[in-house]
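Data block below; observations after.
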Amino acid sequence: MKKTRVINKRNLSTMIIGMVTIAVAIVCVFLYVSKPKQTNKSSQSYLNGVDVDKLQKKVGKDFEGTYLLKDYVVYGETLSLYKSKYGSTETDKMQGNNIVLRNVMTDATTSFTFNGSVDSGVDLGTLKEGIYELYTYNHFEKERIYFKDAFKAKAITTMRRDEKVTSVSFMADKNALKEYGIQFKKNYAFIIVTNQEPNEDIYDVVIDPCGNAMNYFSNTVDVGASTSVLDEASSSLEFAKKVKKELEKKGLKVKILRKENETPGYYGANGRPARAYKTKAKLYLALGASLDENVYAPYMLTSPYTNSGLANTVSYFMEQNGLTLYEARTNTTQENGVLYDSYAESDNGKVLEYELYPQLRETGGKATYAGVYGDEFKNVDYKDAYGMYGLYFSYASAMNSQSVTYYNENADAIAKILVKSIVRYFEI
């Protein structure tokens with residue numbers, strides 16, 4: 001009998017432990033299922049938790065002057081605004097104007113100057129969480145910005161800063177705040193900035209190791225600058241890994257656009273630009289080699305639609321840290337070793353609006369006329385896309401042994417200073 005009671009006690013103990021285990025498991029499953037998913041967080045807006053009474057009192061409704069705009073472009077983290085349709089041949093009337101943002105809830109103002117380049121305008125990466133009204137000065141008179149047709153642009157996720165990002169919405173709609181009891185007479189422009197946790201599917205930087213690019217028109221592979229002293233395809237990939245490592249140390253999420261044995265070109269659904277657009281990165285960094293025997297040190301190419309701001313920053317830090325750059329520049333606004341990409345020409349010699357390097361042209365979206373130049377027309381899906389900030393960094397010339405030797409001896413230092421410059425420029 002005693003033995004039987006002992007067995008029953010053990011069974012009872014086992015049963016209790018089993019029930020407790022099951023209960024804990026059920027609670028854990030419930031907590032996991034009910035916790036906010038990243039996609040739910042990313043769908044939240046600053047307005048979801050706004051003080052409606054305060055918003056109604058603080059938001060501007062009537063303005064002495066208003067200013068009609070017709071277009072906008074997003075390049076990297078910069079929002080540029082236009083009086084005319086983007087791409088018009090005349091100088092846009094917004095050029096030289098200040099764009100003033102007023103944080104509705106705090107009355108704080110932030111000012112940006114638009115000088116006509118796609119990396120000037122509203123620096124979205126610097127904006128704090130809030131809802132902003134947009135103004136400009138027209139003959140010294142402050143006027144509220146609006147658009148004729150209502151729209152809500154696709155949200156932009158900024159680069160990682162201290163492991164945080166913001167989601168930025170740009171819209172112009174007289175009914176934008178209707179659910180909060182606010183309606184306007186015109187489609188006034190607003191920017192809404194919301195703090196968020198980073199989405200692992202969204203990258204900050206993509207790196208293109210140049211070389212081994214498929215030419216879809218001839219169905220051949222362009223191996224790139226390949227000589228007895230340097231093979232562009234392998235050297236670029238090795239350098240890309242160094243740069244990626246340094247960028248990740250700064251908390252950025254980075255993707256290299258090809259593997260060692262891959263040959264993606266610059267067009268089509270599997271091309272390097274297409275791969276880059278899918279990451280929603282803000283910076284497209286191409287690393288390539290030159291075939292110019294006169295080039296003895298690194299230099300950079302940037303889009304002629306920019307101010308060369310990033311390239312100038314790289315040049316400054318390279319020289320401050322004792323690194324040599326090829327002594328060349330397109331104009332006096334550029335630092336040493338900074339060049340603008342050239343424009344294509346028509347058969348009759350007319351200069352076109354399309355730049356030559358696909359690493360810059362095909363990755364800048366609407367800003368650089370992606371998808372509309374050449375015989376292939378395979379990037380047409382991105383002709384109106386938000387552009388990535390493009391930089392082509394030429395680290396050596398395969399035709400100049402002095403250049404290759406300098407790169408081999410300084411590759412680690414070049415990678416570190418290149419990343420330091422990117423971090424400084426984007427205020428990471």
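Each chain in the structure tokens gets a letter, A, B and so on, in the order shown; residues start at 1 in every chain, and ligands are counted from 1 in the order they appear.
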
Sorted by chain and rising residue number, list the residues of stretch 27-131 of chain A at most 8 Å from stretch 306-321 of chain A (counting only C-alpha atoms), each with its closest atom pair and distance in Å to one decimal, as JSON lines.
{"residue": "A:Ser117", "atom": "CA", "partner": "A:Thr306", "partner_atom": "CA", "distance": 4.8}
{"residue": "A:Val118", "atom": "CA", "partner": "A:Thr306", "partner_atom": "CA", "distance": 5.4}
{"residue": "A:Asp119", "atom": "CA", "partner": "A:Thr306", "partner_atom": "CA", "distance": 5.4}
{"residue": "A:Ser120", "atom": "CA", "partner": "A:Asn307", "partner_atom": "CA", "distance": 7.6}

Please provide the set of residues having any atom within 6 Å of stretch 207-221 of chain A, restricted to only C-alpha atoms, with same-chain residues fewer than 6 positions apart removed, written as a list in words. Glu232, Ala233, Ser236, Leu237, Ile256, Leu257, Thr263, Pro264, Gly265, Leu285, Ala286, Leu287 and Gly288 of chain A

What is the atom CA of A:Asp231 to atom CA of A:Met388 distance in Å?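 Spanning atom CA of A:Asp231 to atom CA of A:Met388 is a straight-line distance of 27.3 Å.
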
What gap, in Å, lies between atom CA of A:Thr89 and atom CA of A:Val351?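 Computing it gives 12.5 Å between the two atoms.
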
Closest atom pairs, stretch 253-301 of chain A residues within 10 Å of stretch 407-418 of chain A, only C-alpha atoms, as a Markdown table:
| residue | atom | partner | partner_atom | distance |
| --- | --- | --- | --- | --- |
| A:Tyr296 | CA | A:Tyr407 | CA | 9.5 |
| A:Ala297 | CA | A:Tyr407 | CA | 7.5 |
| A:Pro298 | CA | A:Tyr407 | CA | 7.9 |

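For the pair atom CA of A:Asn270 and atom CA of A:Glu246, the separation is 26.8 Å.
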
Who sits within 7 Å of A:Phe114, only C-alpha atoms, same chain under 2 positions skipped, as a PyMOL selection string: chain A and resi 94-98+112+116+120-121

Residues from last step as file, N, CA and C atoms, as a JSON list (two decimals), in the first residue's frame:
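File result14.json, as written:
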[["chain", "number", "residue", "atom", "x", "y", "z"],
["A", 94, "MET", "N", 12.07, 78.21, -58.18],
["A", 94, "MET", "CA", 12.35, 77.90, -56.77],
["A", 94, "MET", "C", 13.84, 78.02, -56.46],
["A", 95, "GLN", "N", 14.67, 78.02, -57.51],
["A", 95, "GLN", "CA", 16.11, 78.08, -57.30],
["A", 95, "GLN", "C", 16.50, 79.37, -56.58],
["A", 96, "GLY", "N", 17.26, 79.20, -55.50],
["A", 96, "GLY", "CA", 17.66, 80.34, -54.70],
["A", 96, "GLY", "C", 16.71, 80.65, -53.56],
["A", 97, "ASN", "N", 15.55, 79.99, -53.55],
["A", 97, "ASN", "CA", 14.56, 80.24, -52.50],
["A", 97, "ASN", "C", 14.87, 79.45, -51.23],
["A", 98, "ASN", "N", 14.48, 80.02, -50.12],
["A", 98, "ASN", "CA", 14.51, 79.28, -48.86],
["A", 98, "ASN", "C", 13.21, 78.51, -48.72],
["A", 112, "PHE", "N", 15.84, 75.59, -45.24],
["A", 112, "PHE", "CA", 16.73, 74.96, -46.20],
["A", 112, "PHE", "C", 16.76, 75.82, -47.46],
["A", 116, "GLY", "N", 18.91, 74.45, -56.88],
["A", 116, "GLY", "CA", 18.70, 73.85, -58.19],
["A", 116, "GLY", "C", 19.25, 72.46, -58.34],
["A", 120, "SER", "N", 20.17, 69.45, -52.86],
["A", 120, "SER", "CA", 19.83, 70.62, -52.06],
["A", 120, "SER", "C", 18.31, 70.62, -51.88],
["A", 121, "GLY", "N", 17.85, 71.27, -50.84],
["A", 121, "GLY", "CA", 16.42, 71.24, -50.53],
["A", 121, "GLY", "C", 16.22, 70.81, -49.09]]

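Within 10 Å of A:Val206, once only C-alpha atoms are used and residues closer than 4 positions along the same chain are dropped, the contacting residues are A:Ala240, A:Lys244, A:Lys253, A:Val254, A:Lys255, A:Ile256, A:Leu257, A:Arg272, A:Pro273, A:Arg275, A:Ala276, A:Tyr277, A:Thr279, A:Lys280, A:Ala281, A:Lys282, A:Leu283, A:Tyr284, A:Leu285, A:Ala286, A:Met388, A:Gly390.
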
Stretch 27-120 of chain A residues near stretch 365-374 of chain A within 9 Å, closest pair each, using only C-alpha atoms, as CSV:
residue,atom,partner,partner_atom,distance
A:Val73,CA,A:Ala367,CA,6.2
A:Val74,CA,A:Ala367,CA,7.3
A:Tyr75,CA,A:Ala367,CA,6.6
A:Tyr86,CA,A:Ala367,CA,8.2
A:Gly87,CA,A:Ala367,CA,8.6
A:Val118,CA,A:Ala367,CA,6.7

12 Å contact set for A:Gly181, only C-alpha atoms, chain neighbours under 4 positions out, as a ChimeraX atom specification: /A:52-57,59,61,174-177

Can you list, as an MDAnalysis selection string, all residues belonging to stretch 149-291 of chain A that DSSP tags as strand (DSSP E)? chainID A and resid 151:152 156:157 165:172 187:196 205:209 213:215 220:222 254:256 283:290
